[in-house]
$ cat protein-v6.cif   # mmCIF, C-alpha atoms and all ligand atoms
data_model
#
loop_
_atom_site.label_atom_id
_atom_site.label_comp_id
_atom_site.auth_asym_id
_atom_site.auth_seq_id
_atom_site.Cartn_x
_atom_site.Cartn_y
_atom_site.Cartn_z
CA MET D 244 0.00 0.00 0.00
CA TYR D 245 1.25 3.48 -0.93
CA TYR D 246 -0.60 6.16 1.06
CA GLN D 247 -1.41 9.38 -0.77
CA LEU D 248 -2.22 11.95 1.86
CA GLY D 249 -2.42 15.73 1.94
CA LEU D 250 -3.66 18.98 3.38
CA ILE D 251 -6.07 21.52 1.95
CA GLY D 252 -6.23 25.10 3.23
CA TYR D 253 -4.92 28.61 2.65
CA PRO D 254 -2.24 29.73 3.34
CA ILE D 255 -0.39 26.48 4.13
CA GLN D 256 3.19 26.82 2.79
CA HIS D 257 4.61 26.83 6.33
CA SER D 258 2.61 23.84 7.54
CA LEU D 259 4.52 21.25 9.59
CA SER D 260 2.00 18.52 8.74
CA PRO D 261 4.10 17.03 5.87
CA TRP D 262 7.02 16.56 8.30
CA ILE D 263 4.74 15.06 10.98
CA HIS D 264 2.95 12.60 8.67
CA GLU D 265 6.02 11.58 6.69
CA THR D 266 7.74 10.83 10.02
CA PHE D 267 4.68 8.77 11.02
CA LEU D 268 4.90 6.82 7.72
CA GLN D 269 8.56 6.03 8.41
CA ARG D 270 7.92 5.09 12.02
CA THR D 271 5.15 2.66 11.06
CA ASP D 272 7.19 1.20 8.16
CA GLN D 273 4.73 2.31 5.52
CA LYS D 274 5.17 4.04 2.19
CA GLY D 275 3.44 7.17 1.02
CA ASN D 276 3.53 10.93 0.78
CA TYR D 277 1.76 13.96 2.19
CA SER D 278 1.29 16.93 -0.12
CA LEU D 279 0.27 20.52 0.45
CA ILE D 280 -2.75 21.34 -1.71
CA GLU D 281 -3.26 25.05 -1.40
CA ILE D 282 -6.71 26.23 -2.48
CA ASP D 283 -6.91 29.96 -3.10
CA PRO D 284 -10.16 31.32 -1.60
CA LYS D 285 -10.60 33.35 -4.81
CA MET D 286 -11.13 30.09 -6.77
CA SER D 287 -14.44 28.20 -6.91
CA PHE D 288 -14.29 25.73 -4.02
CA ALA D 289 -16.74 23.36 -5.78
CA SER D 290 -14.49 22.94 -8.81
CA GLU D 291 -11.33 22.68 -6.67
CA VAL D 292 -13.05 19.86 -4.77
CA GLU D 293 -13.78 18.07 -8.05
CA THR D 294 -10.07 18.24 -8.95
CA LEU D 295 -9.25 16.96 -5.47
CA ARG D 296 -11.53 13.93 -5.96
CA GLU D 297 -9.61 13.04 -9.12
CA ARG D 298 -6.35 12.82 -7.13
CA ASN D 299 -7.67 9.63 -5.47
CA LEU D 300 -6.11 10.41 -2.10
CA HIS D 301 -6.47 7.96 0.80
CA GLY D 302 -7.15 10.84 3.11
CA PHE D 303 -6.48 14.48 3.75
CA ASN D 304 -6.47 17.13 6.45
CA VAL D 305 -8.50 20.29 6.21
CA THR D 306 -7.47 23.60 7.71
CA VAL D 307 -8.53 27.25 7.66
CA PRO D 308 -10.68 28.45 5.85
CA TYR D 309 -12.30 25.15 4.76
CA LYS D 310 -13.14 23.23 7.96
CA GLU D 311 -16.86 24.04 7.63
CA LYS D 312 -16.97 24.52 3.87
CA ILE D 313 -15.94 20.91 3.21
CA ILE D 314 -18.97 19.45 5.03
CA PRO D 315 -21.48 19.53 2.11
CA TYR D 316 -19.01 17.49 0.00
CA LEU D 317 -18.81 14.59 2.48
CA GLN D 318 -20.81 11.38 2.20
CA ASP D 319 -20.60 10.79 5.96
CA ILE D 320 -19.46 12.58 9.12
CA ASP D 321 -18.57 11.20 12.55
CA ASP D 322 -20.34 12.31 15.74
CA GLN D 323 -17.54 14.53 17.13
CA ALA D 324 -17.20 16.45 13.85
CA LYS D 325 -20.96 16.79 13.55
CA GLN D 326 -21.21 18.05 17.13
CA ILE D 327 -18.46 20.61 16.56
CA GLY D 328 -19.63 21.56 13.07
CA ALA D 329 -16.09 21.45 11.68
CA VAL D 330 -13.96 18.80 9.94
CA ASN D 331 -10.15 18.65 9.97
CA THR D 332 -9.64 15.10 8.64
CA VAL D 333 -11.23 13.27 5.71
CA LEU D 334 -10.96 9.55 5.05
CA CYS D 335 -11.53 8.58 1.40
CA LYS D 336 -12.81 5.03 1.37
CA ASN D 337 -14.54 3.11 -1.42
CA GLY D 338 -15.28 6.35 -3.26
CA LYS D 339 -16.80 7.97 -0.16
CA TRP D 340 -15.47 10.92 1.84
CA ILE D 341 -15.96 10.60 5.62
CA GLY D 342 -15.30 13.62 7.85
CA TYR D 343 -13.73 13.61 11.32
CA ASN D 344 -12.46 16.19 13.75
CA THR D 345 -9.27 15.16 15.58
CA ASP D 346 -8.37 18.53 17.15
CA GLY D 347 -10.21 18.20 20.46
CA ILE D 348 -9.47 14.50 20.92
CA GLY D 349 -5.83 15.16 20.00
CA TYR D 350 -5.66 17.93 22.57
CA VAL D 351 -7.08 15.69 25.34
CA ARG D 352 -4.67 12.87 24.36
CA SER D 353 -1.76 15.26 24.62
CA LEU D 354 -2.89 16.53 28.02
CA GLN D 355 -3.35 12.98 29.32
CA HIS D 356 0.00 11.88 27.91
CA HIS D 357 1.75 14.62 29.90
CA TYR D 358 -0.47 14.24 32.98
CA PRO D 359 -1.58 10.58 33.15
CA GLU D 360 -3.60 11.25 36.33
CA LEU D 361 -6.20 12.79 33.96
CA LYS D 362 -6.81 9.37 32.41
CA LYS D 363 -8.39 8.22 35.66
CA ASP D 364 -9.86 11.09 37.62
CA LYS D 365 -12.69 12.49 35.50
CA GLY D 366 -14.08 14.54 38.39
CA LYS D 367 -11.35 17.19 38.11
CA GLN D 368 -12.59 20.78 38.07
CA ILE D 369 -11.75 22.02 34.59
CA LEU D 370 -11.88 25.64 33.40
CA ILE D 371 -11.91 26.37 29.66
CA LEU D 372 -11.10 30.00 28.83
CA GLY D 373 -12.77 30.94 25.53
CA ALA D 374 -15.78 29.66 23.63
CA GLY D 375 -14.64 29.77 19.99
CA GLY D 376 -13.92 26.95 17.54
CA ALA D 377 -10.98 25.55 19.49
CA ALA D 378 -12.90 25.55 22.78
CA LYS D 379 -15.80 23.75 21.09
CA GLY D 380 -13.56 20.86 19.97
CA ILE D 381 -11.84 20.56 23.34
CA TYR D 382 -15.12 20.67 25.25
CA ALA D 383 -16.67 17.96 23.03
CA ALA D 384 -13.60 15.74 23.54
CA LEU D 385 -13.60 16.25 27.33
CA LEU D 386 -17.30 15.30 27.42
CA LYS D 387 -16.64 12.22 25.29
CA ASP D 388 -13.95 11.26 27.78
CA ASP D 389 -16.46 11.53 30.68
CA PHE D 390 -15.14 14.66 32.41
CA HIS D 391 -18.09 16.10 34.26
CA GLN D 392 -17.04 19.25 36.13
CA ILE D 393 -16.33 21.68 33.32
CA THR D 394 -16.73 25.45 33.41
CA ILE D 395 -16.51 27.54 30.24
CA ALA D 396 -15.58 31.20 30.68
CA ASN D 397 -15.88 33.69 27.86
CA ARG D 398 -15.74 37.45 27.43
CA THR D 399 -19.12 37.15 25.68
CA VAL D 400 -20.84 34.84 28.16
CA GLU D 401 -23.74 34.12 25.76
CA LYS D 402 -21.32 32.24 23.51
CA ALA D 403 -20.23 30.05 26.43
CA LYS D 404 -23.91 29.39 27.26
CA ALA D 405 -24.64 28.51 23.61
CA LEU D 406 -21.70 26.09 23.62
CA LEU D 407 -23.18 24.25 26.62
CA MET D 408 -26.66 24.23 25.05
CA ASN D 409 -25.45 22.83 21.74
CA GLN D 410 -23.55 19.88 23.16
CA HIS D 411 -24.57 16.96 25.35
CA SER D 412 -23.32 18.82 28.42
CA ASP D 413 -23.17 17.40 31.91
CA VAL D 414 -25.58 18.93 34.45
CA ASN D 415 -22.61 20.18 36.50
CA ASP D 416 -21.13 22.17 33.62
CA LYS D 417 -21.37 25.97 33.80
CA ALA D 418 -20.92 29.08 31.67
CA ILE D 419 -19.40 32.17 33.31
CA THR D 420 -17.68 35.45 32.41
CA ILE D 421 -13.90 35.90 32.34
CA LYS D 422 -14.22 38.18 35.42
CA GLU D 423 -16.04 35.43 37.32
CA ALA D 424 -13.35 32.96 36.25
CA GLU D 425 -10.70 35.26 37.69
CA LYS D 426 -12.54 35.49 41.03
CA THR D 427 -12.96 31.70 41.29
CA ILE D 428 -9.59 30.71 39.78
CA THR D 429 -8.44 29.00 42.97
CA GLN D 430 -11.04 26.20 42.65
CA TYR D 431 -9.83 24.66 39.36
CA ASP D 432 -7.55 21.64 38.92
CA VAL D 433 -7.01 22.22 35.19
CA ILE D 434 -7.11 25.57 33.35
CA ILE D 435 -7.18 25.50 29.54
CA GLN D 436 -6.55 28.74 27.65
CA THR D 437 -8.12 28.46 24.16
CA THR D 438 -8.31 32.10 22.99
CA SER D 439 -5.79 33.91 20.81
CA VAL D 440 -4.84 36.22 23.69
CA GLY D 441 -1.03 36.15 24.15
CA MET D 442 -0.32 35.09 20.56
CA LYS D 443 2.42 36.93 18.64
CA PRO D 444 2.60 39.94 18.20
CA ASN D 445 0.65 40.52 21.45
CA GLU D 446 2.72 38.15 23.56
CA THR D 447 2.63 40.26 26.74
CA GLU D 448 -1.16 39.90 27.06
CA THR D 449 -2.80 37.39 29.39
CA ILE D 450 -6.51 36.68 29.60
CA VAL D 451 -6.85 36.38 33.41
CA SER D 452 -4.59 36.96 36.36
CA LEU D 453 -3.46 33.77 38.06
CA GLN D 454 -2.27 34.70 41.56
CA THR D 455 -4.32 32.41 43.76
CA LEU D 456 -3.95 29.05 42.07
CA LYS D 457 -4.83 25.70 43.59
CA GLU D 458 -1.88 23.55 44.60
CA ASN D 459 -0.83 21.13 41.81
CA VAL D 460 -2.98 22.90 39.22
CA ILE D 461 -2.27 22.14 35.55
CA VAL D 462 -2.30 25.22 33.30
CA SER D 463 -2.44 24.70 29.55
CA ASP D 464 -2.33 27.16 26.66
CA ILE D 465 -3.18 26.19 23.10
CA VAL D 466 -1.24 29.18 21.77
CA TYR D 467 2.18 27.96 20.59
CA GLN D 468 3.58 31.11 19.09
CA PRO D 469 5.33 31.86 21.38
CA LEU D 470 5.67 28.44 22.96
CA TYR D 471 6.10 29.78 26.49
CA THR D 472 3.25 32.32 26.54
CA SER D 473 3.11 35.01 29.25
CA PHE D 474 0.14 33.08 30.63
CA LEU D 475 2.22 29.90 31.06
CA GLN D 476 5.22 31.80 32.41
CA LYS D 477 3.04 33.44 35.07
CA ALA D 478 1.36 30.12 35.89
CA GLN D 479 4.76 28.50 36.34
CA SER D 480 6.00 31.32 38.55
CA PHE D 481 2.98 30.72 40.82
CA GLY D 482 3.82 27.03 41.10
CA ALA D 483 1.55 25.53 38.42
CA ARG D 484 2.46 22.55 36.25
CA ILE D 485 2.22 23.63 32.63
CA HIS D 486 1.22 22.08 29.31
CA LEU D 487 2.50 23.53 26.02
CA GLY D 488 0.18 24.13 23.04
CA HIS D 489 2.30 22.65 20.24
CA THR D 490 1.90 19.07 21.52
CA MET D 491 -1.74 19.23 20.39
CA LEU D 492 -0.46 19.35 16.80
CA LEU D 493 1.27 16.00 17.19
CA TYR D 494 -1.62 14.20 18.81
CA GLN D 495 -4.33 15.50 16.47
CA ALA D 496 -2.08 14.27 13.64
CA GLN D 497 -1.56 10.91 15.35
CA TYR D 498 -5.32 10.37 15.54
CA ALA D 499 -5.79 11.44 11.88
CA PHE D 500 -3.04 9.01 10.85
CA GLU D 501 -4.85 6.21 12.73
CA ILE D 502 -8.05 7.00 10.84
CA TRP D 503 -6.23 6.74 7.49
CA THR D 504 -3.93 3.77 8.12
CA ASN D 505 -5.24 1.90 11.20
CA GLN D 506 -1.78 2.27 12.77
CA THR D 507 -0.78 4.32 15.80
CA PRO D 508 2.60 5.98 15.27
CA ASN D 509 4.90 6.54 18.20
CA VAL D 510 5.30 10.29 18.79
CA GLU D 511 8.27 10.02 21.16
CA ARG D 512 10.96 12.68 20.72
CA MET D 513 8.93 14.44 18.01
CA ASP D 514 7.85 16.92 20.64
CA GLU D 515 11.36 18.37 21.01
CA GLU D 516 11.93 18.37 17.25
CA LEU D 517 8.67 20.16 16.65
CA GLN D 518 9.62 22.69 19.31
CA LYS D 519 12.90 23.39 17.47
CA LYS D 520 11.11 23.77 14.15
CA LEU D 521 8.60 26.20 15.65
CA GLU D 522 11.33 28.26 17.25
CA GLY D 523 13.01 28.47 13.82
P1 LIG L 601 -10.78 29.88 17.46
O1 LIG L 601 -11.41 29.10 16.34
O2 LIG L 601 -9.28 30.01 17.35
O3 LIG L 601 -11.21 29.40 18.80
P2 LIG L 601 -12.69 32.02 17.40
O4 LIG L 601 -13.74 31.03 17.09
O5 LIG L 601 -12.67 33.31 16.66
O6 LIG L 601 -11.25 31.39 17.26
O7 LIG L 601 -12.78 32.34 18.99
C1 LIG L 601 -11.96 33.25 19.61
C2 LIG L 601 -12.13 33.17 21.14
O8 LIG L 601 -11.16 34.04 21.73
C3 LIG L 601 -13.47 33.62 21.65
O9 LIG L 601 -13.77 32.92 22.83
C4 LIG L 601 -13.21 35.11 21.94
O10 LIG L 601 -14.08 35.70 22.89
P3 LIG L 601 -15.48 36.37 22.39
O11 LIG L 601 -16.39 35.24 22.04
O12 LIG L 601 -15.95 37.16 23.54
O13 LIG L 601 -15.14 37.22 21.20
C5 LIG L 601 -11.83 35.01 22.52
N1 LIG L 601 -11.07 36.27 22.48
C6 LIG L 601 -10.39 36.77 21.41
N2 LIG L 601 -9.78 37.92 21.76
C7 LIG L 601 -10.06 38.15 23.08
C8 LIG L 601 -9.71 39.15 24.03
N3 LIG L 601 -8.93 40.19 23.68
N4 LIG L 601 -10.16 39.03 25.31
C9 LIG L 601 -10.94 37.99 25.66
N5 LIG L 601 -11.31 37.00 24.81
C10 LIG L 601 -10.88 37.07 23.55
#
$ encode --input "protein-v6.cif" --output "structure tokens" --more "lines below"
Ligand code: ATR
Amino acid sequence: MYYQLGLIGYPIQHSLSPWIHETFLQRTDQKGNYSLIEIDPKMSFASEVETLRERNLHGFNVTVPYKEKIIPYLQDIDDQAKQIGAVNTVLCKNGKWIGYNTDGIGYVRSLQHHYPELKKDKGKQILILGAGGAAKGIYAALLKDDFHQITIANRTVEKAKALLMNQHSDVNDKAITIKEAEKTITQYDVIIQTTSVGMKPNETETIVSLQTLKENVIVSDIVYQPLYTSFLQKAQSFGARIHLGHTMLLYQAQYAFEIWTNQTPNVERMDEELQKKLEG
């Protein structure tokens, strides 16, 4: 079997996905390639999709701005992707395109890999900061993994409420404002920052202040440019254990690769290499 894989999106020239997936192919002793298929938003997406079908890929990833736009072209969609309303992985099987979303599940895998205690204790108090696309995927994956004490804080609290309403939320889950999150910050075991606050070029910004943290708290930031965000640096200085955003890239890719090839590649040591690549 020779796997023909790829990525659609725009702009994607700097994507690290070819490196990740070609490393996975090597590590699982399989042959194939992963190509970057840039689709200019000025072109007709429908006709670009037709050309894509003719390439007879085994599977492909989907990134900005096509994660929602691809949905009408799929013959099937899995529950997570349907719930989130966005697809980042397509499996092409027997002439059918099946959509998945591996972002949230990849994120939770990465968190549990670094903090294995989270594989067992699903009663941890979790705070998600933000209620955008990234938060949606992470929340859906945490629910799927049976976490049942989740609070979503957002500047626009209505969006956090809508997120709870639109998913199969647990009765204990809550929607609050960022200000309320700041006041209650001491009660959480895991804090997950999913907004773009702190991303280059605004790297001095932090979304909430973190002074009174619970002992042993885990603080995670999905921003990975810079890798050590101000948010994580502050968390660390107050004694928190931290979780870096770039590891999500590896684990969402690992899950996509499983969907395409039925093999789970070992991601060991790729973390450090990815870090070096991101730091240029
Ligand atoms: P993504 O898909 O990356 O999650 P998004 O869907 O645009 O991006 O969501 C962005 C999130 O970051 C939202 O939760 C947004 O809060 P609002 O819903 O109130 O807009 C949050 N966000 C962005 N900039 C922010 C800021 N300066 N302060 C607080 N929250 C911010």
$ residues_near_point --input "protein-v6.cif" --point "(-11.8, 16.5, 11.5)" --cutoff "6 Å" --atoms "only C-alpha atoms" --output "ChimeraX atom specification"
/D:324,330-332,342-345
$ residues_near_ligand --input "protein-v6.cif" --ligand "ligand LIG 601 (chain L)" --cutoff "7 Å" --atoms "only C-alpha atoms and all ligand atoms" --output "MDAnalysis selection string"
chainID D and resid 373:378 397:399 402 437:440 450
$ atom_distance --input "protein-v6.cif" --atom1 "CA of Val333 (chain D)" --atom2 "CA of Asn304 (chain D)"
6.2 Å
$ atom_distance --input "protein-v6.cif" --atom1 "CA of Leu354 (chain D)" --atom2 "CA of Thr490 (chain D)"
8.5 Å
$ closest_residue --input "protein-v6.cif" --among "D:Asn276, D:Ser412, D:Gln323, D:Gln436" --to "Ile465 (chain D)" --atoms "only C-alpha atoms"
D:Gln436
$ residues_around --input "protein-v6.cif" --residues "Thr507 (chain D)" --least-positions-apart "4" --cutoff "12 Å" --atoms "all atoms listed in the file" --output "PDB file with C-alpha atoms, keeping the file's coordinate frame"
ATOM      1  CA  HIS D 264       2.950  12.600   8.670  1.00  0.00           C
ATOM      2  CA  PHE D 267       4.680   8.770  11.020  1.00  0.00           C
ATOM      3  CA  LEU D 268       4.900   6.820   7.720  1.00  0.00           C
ATOM      4  CA  ARG D 270       7.920   5.090  12.020  1.00  0.00           C
ATOM      5  CA  THR D 271       5.150   2.660  11.060  1.00  0.00           C
ATOM      6  CA  ASP D 272       7.190   1.200   8.160  1.00  0.00           C
ATOM      7  CA  GLN D 273       4.730   2.310   5.520  1.00  0.00           C
ATOM      8  CA  LEU D 493       1.270  16.000  17.190  1.00  0.00           C
ATOM      9  CA  TYR D 494      -1.620  14.200  18.810  1.00  0.00           C
ATOM     10  CA  GLN D 495      -4.330  15.500  16.470  1.00  0.00           C
ATOM     11  CA  ALA D 496      -2.080  14.270  13.640  1.00  0.00           C
ATOM     12  CA  GLN D 497      -1.560  10.910  15.350  1.00  0.00           C
ATOM     13  CA  TYR D 498      -5.320  10.370  15.540  1.00  0.00           C
ATOM     14  CA  ALA D 499      -5.790  11.440  11.880  1.00  0.00           C
ATOM     15  CA  PHE D 500      -3.040   9.010  10.850  1.00  0.00           C
ATOM     16  CA  GLU D 501      -4.850   6.210  12.730  1.00  0.00           C
ATOM     17  CA  ILE D 502      -8.050   7.000  10.840  1.00  0.00           C
ATOM     18  CA  TRP D 503      -6.230   6.740   7.490  1.00  0.00           C
ATOM     19  CA  GLU D 511       8.270  10.020  21.160  1.00  0.00           C
TER      20      GLU D 511
END
$ atom_distance --input "protein-v6.cif" --atom1 "CA of Ser278 (chain D)" --atom2 "CA of Val307 (chain D)"
16.2 Å
$ decode --input "protein-v6.cif" --residues "region 252-285 of chain D" --atoms "N, CA and C atoms" --output "PDB file, in the first residue's frame"
ATOM      1  N   GLY D 252      -6.073  23.902   2.411  1.00  0.00           N
ATOM      2  CA  GLY D 252      -6.232  25.101   3.228  1.00  0.00           C
ATOM      3  C   GLY D 252      -5.596  26.275   2.524  1.00  0.00           C
ATOM      4  N   TYR D 253      -5.582  27.418   3.204  1.00  0.00           N
ATOM      5  CA  TYR D 253      -4.920  28.608   2.649  1.00  0.00           C
ATOM      6  C   TYR D 253      -4.676  29.611   3.759  1.00  0.00           C
ATOM      7  N   PRO D 254      -3.499  30.137   3.962  1.00  0.00           N
ATOM      8  CA  PRO D 254      -2.236  29.726   3.339  1.00  0.00           C
ATOM      9  C   PRO D 254      -1.631  28.552   4.106  1.00  0.00           C
ATOM     10  N   ILE D 255      -0.908  27.668   3.446  1.00  0.00           N
ATOM     11  CA  ILE D 255      -0.386  26.477   4.130  1.00  0.00           C
ATOM     12  C   ILE D 255       1.103  26.194   3.850  1.00  0.00           C
ATOM     13  N   GLN D 256       1.787  27.115   3.163  1.00  0.00           N
ATOM     14  CA  GLN D 256       3.193  26.825   2.794  1.00  0.00           C
ATOM     15  C   GLN D 256       4.069  26.469   3.995  1.00  0.00           C
ATOM     16  N   HIS D 257       3.741  27.060   5.171  1.00  0.00           N
ATOM     17  CA  HIS D 257       4.613  26.831   6.327  1.00  0.00           C
ATOM     18  C   HIS D 257       4.139  25.678   7.215  1.00  0.00           C
ATOM     19  N   SER D 258       3.176  24.902   6.714  1.00  0.00           N
ATOM     20  CA  SER D 258       2.615  23.836   7.542  1.00  0.00           C
ATOM     21  C   SER D 258       3.669  22.782   7.908  1.00  0.00           C
ATOM     22  N   LEU D 259       3.591  22.304   9.142  1.00  0.00           N
ATOM     23  CA  LEU D 259       4.520  21.254   9.586  1.00  0.00           C
ATOM     24  C   LEU D 259       3.895  19.866   9.428  1.00  0.00           C
ATOM     25  N   SER D 260       2.673  19.812   8.903  1.00  0.00           N
ATOM     26  CA  SER D 260       1.996  18.520   8.742  1.00  0.00           C
ATOM     27  C   SER D 260       2.744  17.555   7.820  1.00  0.00           C
ATOM     28  N   PRO D 261       3.364  18.003   6.690  1.00  0.00           N
ATOM     29  CA  PRO D 261       4.105  17.032   5.873  1.00  0.00           C
ATOM     30  C   PRO D 261       5.213  16.363   6.683  1.00  0.00           C
ATOM     31  N   TRP D 262       5.952  17.133   7.464  1.00  0.00           N
ATOM     32  CA  TRP D 262       7.016  16.560   8.295  1.00  0.00           C
ATOM     33  C   TRP D 262       6.436  15.557   9.300  1.00  0.00           C
ATOM     34  N   ILE D 263       5.337  15.944   9.954  1.00  0.00           N
ATOM     35  CA  ILE D 263       4.740  15.060  10.980  1.00  0.00           C
ATOM     36  C   ILE D 263       4.288  13.742  10.334  1.00  0.00           C
ATOM     37  N   HIS D 264       3.525  13.826   9.235  1.00  0.00           N
ATOM     38  CA  HIS D 264       2.948  12.601   8.666  1.00  0.00           C
ATOM     39  C   HIS D 264       3.990  11.751   7.944  1.00  0.00           C
ATOM     40  N   GLU D 265       4.982  12.391   7.340  1.00  0.00           N
ATOM     41  CA  GLU D 265       6.020  11.581   6.690  1.00  0.00           C
ATOM     42  C   GLU D 265       6.879  10.875   7.749  1.00  0.00           C
ATOM     43  N   THR D 266       7.051  11.510   8.903  1.00  0.00           N
ATOM     44  CA  THR D 266       7.736  10.833  10.021  1.00  0.00           C
ATOM     45  C   THR D 266       6.888   9.650  10.511  1.00  0.00           C
ATOM     46  N   PHE D 267       5.590   9.853  10.596  1.00  0.00           N
ATOM     47  CA  PHE D 267       4.685   8.768  11.019  1.00  0.00           C
ATOM     48  C   PHE D 267       4.766   7.593  10.038  1.00  0.00           C
ATOM     49  N   LEU D 268       4.811   7.892   8.732  1.00  0.00           N
ATOM     50  CA  LEU D 268       4.897   6.817   7.721  1.00  0.00           C
ATOM     51  C   LEU D 268       6.176   6.009   7.944  1.00  0.00           C
ATOM     52  N   GLN D 269       7.280   6.723   8.160  1.00  0.00           N
ATOM     53  CA  GLN D 269       8.562   6.030   8.409  1.00  0.00           C
ATOM     54  C   GLN D 269       8.485   5.185   9.672  1.00  0.00           C
ATOM     55  N   ARG D 270       7.934   5.783  10.727  1.00  0.00           N
ATOM     56  CA  ARG D 270       7.917   5.093  12.017  1.00  0.00           C
ATOM     57  C   ARG D 270       7.005   3.869  12.032  1.00  0.00           C
ATOM     58  N   THR D 271       6.034   3.833  11.114  1.00  0.00           N
ATOM     59  CA  THR D 271       5.147   2.663  11.063  1.00  0.00           C
ATOM     60  C   THR D 271       5.524   1.759   9.884  1.00  0.00           C
ATOM     61  N   ASP D 272       6.693   2.038   9.269  1.00  0.00           N
ATOM     62  CA  ASP D 272       7.187   1.204   8.157  1.00  0.00           C
ATOM     63  C   ASP D 272       6.226   1.137   6.995  1.00  0.00           C
ATOM     64  N   GLN D 273       5.666   2.280   6.649  1.00  0.00           N
ATOM     65  CA  GLN D 273       4.727   2.307   5.523  1.00  0.00           C
ATOM     66  C   GLN D 273       5.231   3.303   4.484  1.00  0.00           C
ATOM     67  N   LYS D 274       4.737   3.138   3.265  1.00  0.00           N
ATOM     68  CA  LYS D 274       5.165   4.039   2.188  1.00  0.00           C
ATOM     69  C   LYS D 274       4.042   5.006   1.850  1.00  0.00           C
ATOM     70  N   GLY D 275       4.451   6.199   1.415  1.00  0.00           N
ATOM     71  CA  GLY D 275       3.442   7.168   1.024  1.00  0.00           C
ATOM     72  C   GLY D 275       3.993   8.565   0.985  1.00  0.00           C
ATOM     73  N   ASN D 276       3.113   9.526   0.715  1.00  0.00           N
ATOM     74  CA  ASN D 276       3.528  10.928   0.776  1.00  0.00           C
ATOM     75  C   ASN D 276       2.377  11.799   1.264  1.00  0.00           C
ATOM     76  N   TYR D 277       2.733  13.013   1.645  1.00  0.00           N
ATOM     77  CA  TYR D 277       1.763  13.960   2.191  1.00  0.00           C
ATOM     78  C   TYR D 277       1.996  15.288   1.486  1.00  0.00           C
ATOM     79  N   SER D 278       1.043  15.705   0.643  1.00  0.00           N
ATOM     80  CA  SER D 278       1.289  16.934  -0.121  1.00  0.00           C
ATOM     81  C   SER D 278       0.438  18.108   0.347  1.00  0.00           C
ATOM     82  N   LEU D 279       0.985  19.282   0.119  1.00  0.00           N
ATOM     83  CA  LEU D 279       0.266  20.515   0.454  1.00  0.00           C
ATOM     84  C   LEU D 279      -0.547  20.934  -0.767  1.00  0.00           C
ATOM     85  N   ILE D 280      -1.866  20.994  -0.593  1.00  0.00           N
ATOM     86  CA  ILE D 280      -2.747  21.335  -1.712  1.00  0.00           C
ATOM     87  C   ILE D 280      -3.412  22.668  -1.364  1.00  0.00           C
ATOM     88  N   GLU D 281      -2.749  23.735  -1.765  1.00  0.00           N
ATOM     89  CA  GLU D 281      -3.258  25.054  -1.397  1.00  0.00           C
ATOM     90  C   GLU D 281      -4.426  25.419  -2.306  1.00  0.00           C
ATOM     91  N   ILE D 282      -5.548  25.820  -1.699  1.00  0.00           N
ATOM     92  CA  ILE D 282      -6.712  26.232  -2.485  1.00  0.00           C
ATOM     93  C   ILE D 282      -6.969  27.710  -2.218  1.00  0.00           C
ATOM     94  N   ASP D 283      -6.738  28.518  -3.232  1.00  0.00           N
ATOM     95  CA  ASP D 283      -6.909  29.961  -3.101  1.00  0.00           C
ATOM     96  C   ASP D 283      -8.398  30.272  -2.896  1.00  0.00           C
ATOM     97  N   PRO D 284      -8.737  31.015  -1.838  1.00  0.00           N
ATOM     98  CA  PRO D 284     -10.155  31.325  -1.599  1.00  0.00           C
ATOM     99  C   PRO D 284     -10.810  32.076  -2.751  1.00  0.00           C
ATOM    100  N   LYS D 285     -10.013  32.636  -3.659  1.00  0.00           N
ATOM    101  CA  LYS D 285     -10.602  33.345  -4.812  1.00  0.00           C
ATOM    102  C   LYS D 285     -11.141  32.359  -5.867  1.00  0.00           C
TER     103      LYS D 285
END
